[in-house]
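Here the structure comes first, spelled out in structure tokens, and everything after it is commentary.
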Amino acid sequence: MEIIAAYPEQKFLPAGYFAYDASEDIINYDPTGIKTNSGKLALLHEVSHAILGHFHYRFDFELFAMEMDAWNMTRELAREHNLNINEDYINACMDSYDEWLTKRGTCPKCNEFNVQSKPNEFKCYRCQTRWRVSEDIQSSIRRIVIKK
């Protein structure tokens, strides 16, 4: 709880998970999880999102960049709190976003990786297939082909 006390300007809500809700400006945290080093890092990661003012992104790579920025700040905050910086944990978290990006951006027809042409929409540079994906990053990834 000392991490929570160190950030009185932030609002914290006990939950079964770690997440920053930018629309409500609330940091959700797992009261059991913060007893571990990884849980403390996860909490500091969400604090980092709040401090950095991460609110909204339009393109997947913007979210990826926000995650990288938040982990960089988490490393700084962890030093201030004398926590062990577990790079394996941080890399595993970043790998999950990399997998998410890859799944969303891989063409459902030819399996070529592509970047978004519009928010939540992709167009394959190889075969010209267009597809949509959900805006919700927590939902399962479904690529819906847009008919021509």
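As shown in the structure tokens, the chain order sets the letters A, B, ...; within each chain, residues go from 1, and ligands are also counted from 1 in the order they appear.
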
Quick one: which region 55-109 of chain A residues come within 8 Å of region 36-46 of chain A, and what is the nearest atom pair for each with the distance in Å to one decimal, counting only C-alpha atoms, rows ordered by chain and ascending number, as JSON lines?
```
{"residue": "A:Ala70", "atom": "CA", "partner": "A:His45", "partner_atom": "CA", "distance": 5.9}
{"residue": "A:Trp71", "atom": "CA", "partner": "A:His45", "partner_atom": "CA", "distance": 6.0}
{"residue": "A:Met73", "atom": "CA", "partner": "A:His45", "partner_atom": "CA", "distance": 7.6}
{"residue": "A:Thr74", "atom": "CA", "partner": "A:His45", "partner_atom": "CA", "distance": 5.2}
{"residue": "A:Leu77", "atom": "CA", "partner": "A:Leu44", "partner_atom": "CA", "distance": 6.9}
{"residue": "A:Ala78", "atom": "CA", "partner": "A:Leu41", "partner_atom": "CA", "distance": 7.0}
{"residue": "A:Leu83", "atom": "CA", "partner": "A:Asn37", "partner_atom": "CA", "distance": 7.0}
{"residue": "A:Asn84", "atom": "CA", "partner": "A:Asn37", "partner_atom": "CA", "distance": 7.0}
{"residue": "A:Ile85", "atom": "CA", "partner": "A:Leu41", "partner_atom": "CA", "distance": 7.7}
{"residue": "A:Asn86", "atom": "CA", "partner": "A:Ser38", "partner_atom": "CA", "distance": 7.5}
{"residue": "A:Tyr89", "atom": "CA", "partner": "A:Ser38", "partner_atom": "CA", "distance": 7.1}
```

Subject >> Spatial neighbours of Glu112 (chain A), max dist 8 Å, only C-alpha atoms, sep filter under 6 positions, as a count of residues only >> reply: 3

**OP:** Determine which residues of chain A receive a DSSP assignment of helix (DSSP H, G or I), computed from the backbone, and state them as JSON, numbers by chain.
**Re:** {"A": [2, 3, 4, 5, 33, 34, 35, 37, 38, 39, 40, 41, 42, 43, 44, 45, 46, 47, 48, 49, 50, 51, 52, 60, 61, 62, 63, 64, 65, 66, 67, 68, 69, 70, 71, 72, 73, 74, 75, 76, 77, 78, 79, 80, 87, 88, 89, 90, 91, 92, 93, 94, 95, 96, 97, 98, 99, 100, 101, 102, 103, 104, 105]}

Subject >> Polymer residues at most 6 Å from region 18-30 of chain A, only C-alpha atoms, same-chain spacing of 6 or more positions, as a ChimeraX atom specification >> reply: /A:11-12,46,55

Subject >> Selected residue of minimal separation from Trp131 (chain A) among A:Gly33, A:Pro8, A:Pro108, A:Pro119, counting only C-alpha atoms >> reply: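 Ranking A:Gly33, A:Pro8, A:Pro108, A:Pro119 by distance to Trp131 (chain A), first place goes to A:Pro108.
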
Closest atom pairs, region 90-137 of chain A residues within 8 Å of region 56-59 of chain A, only C-alpha atoms, as CSV:
```
residue,atom,partner,partner_atom,distance
A:Gln116,CA,A:Phe59,CA,6.9
A:Lys118,CA,A:Phe59,CA,7.6
A:Pro119,CA,A:Arg58,CA,5.4
A:Asn120,CA,A:Phe59,CA,7.3
```

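Rounded to one decimal, CA of Ile4 (chain A) and CA of Glu62 (chain A) lie 27.5 Å from each other.
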
Original post:
Which is closest to Ser117 (chain A) among A:Asp88, A:Asp98, A:Phe61, A:Lys35, if we use only C-alpha atoms?
Top reply: A:Phe61

Original post:
Pick from A:Met66, A:Leu13, A:Leu52, A:Cys110: nearest to Met94 (chain A), with only C-alpha atoms counted?
Top reply: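 Of A:Met66, A:Leu13, A:Leu52, A:Cys110, the one nearest Met94 (chain A) is A:Met66, counting only C-alpha atoms.
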
Original post:
Got a sec: who's within 9 Å of Phe113 (chain A), counting only C-alpha atoms, leaving out chain neighbours fewer than 3 positions off, as a list in words?
Top reply: Thr102, Lys103, Arg104, Gly105, Thr106, Cys107, Cys124 and Tyr125 of chain A

Original post:
Which distance in Å separates CA of Ser96 (chain A) and CA of Tyr7 (chain A), to one decimal?
Top reply: 27.6 Å
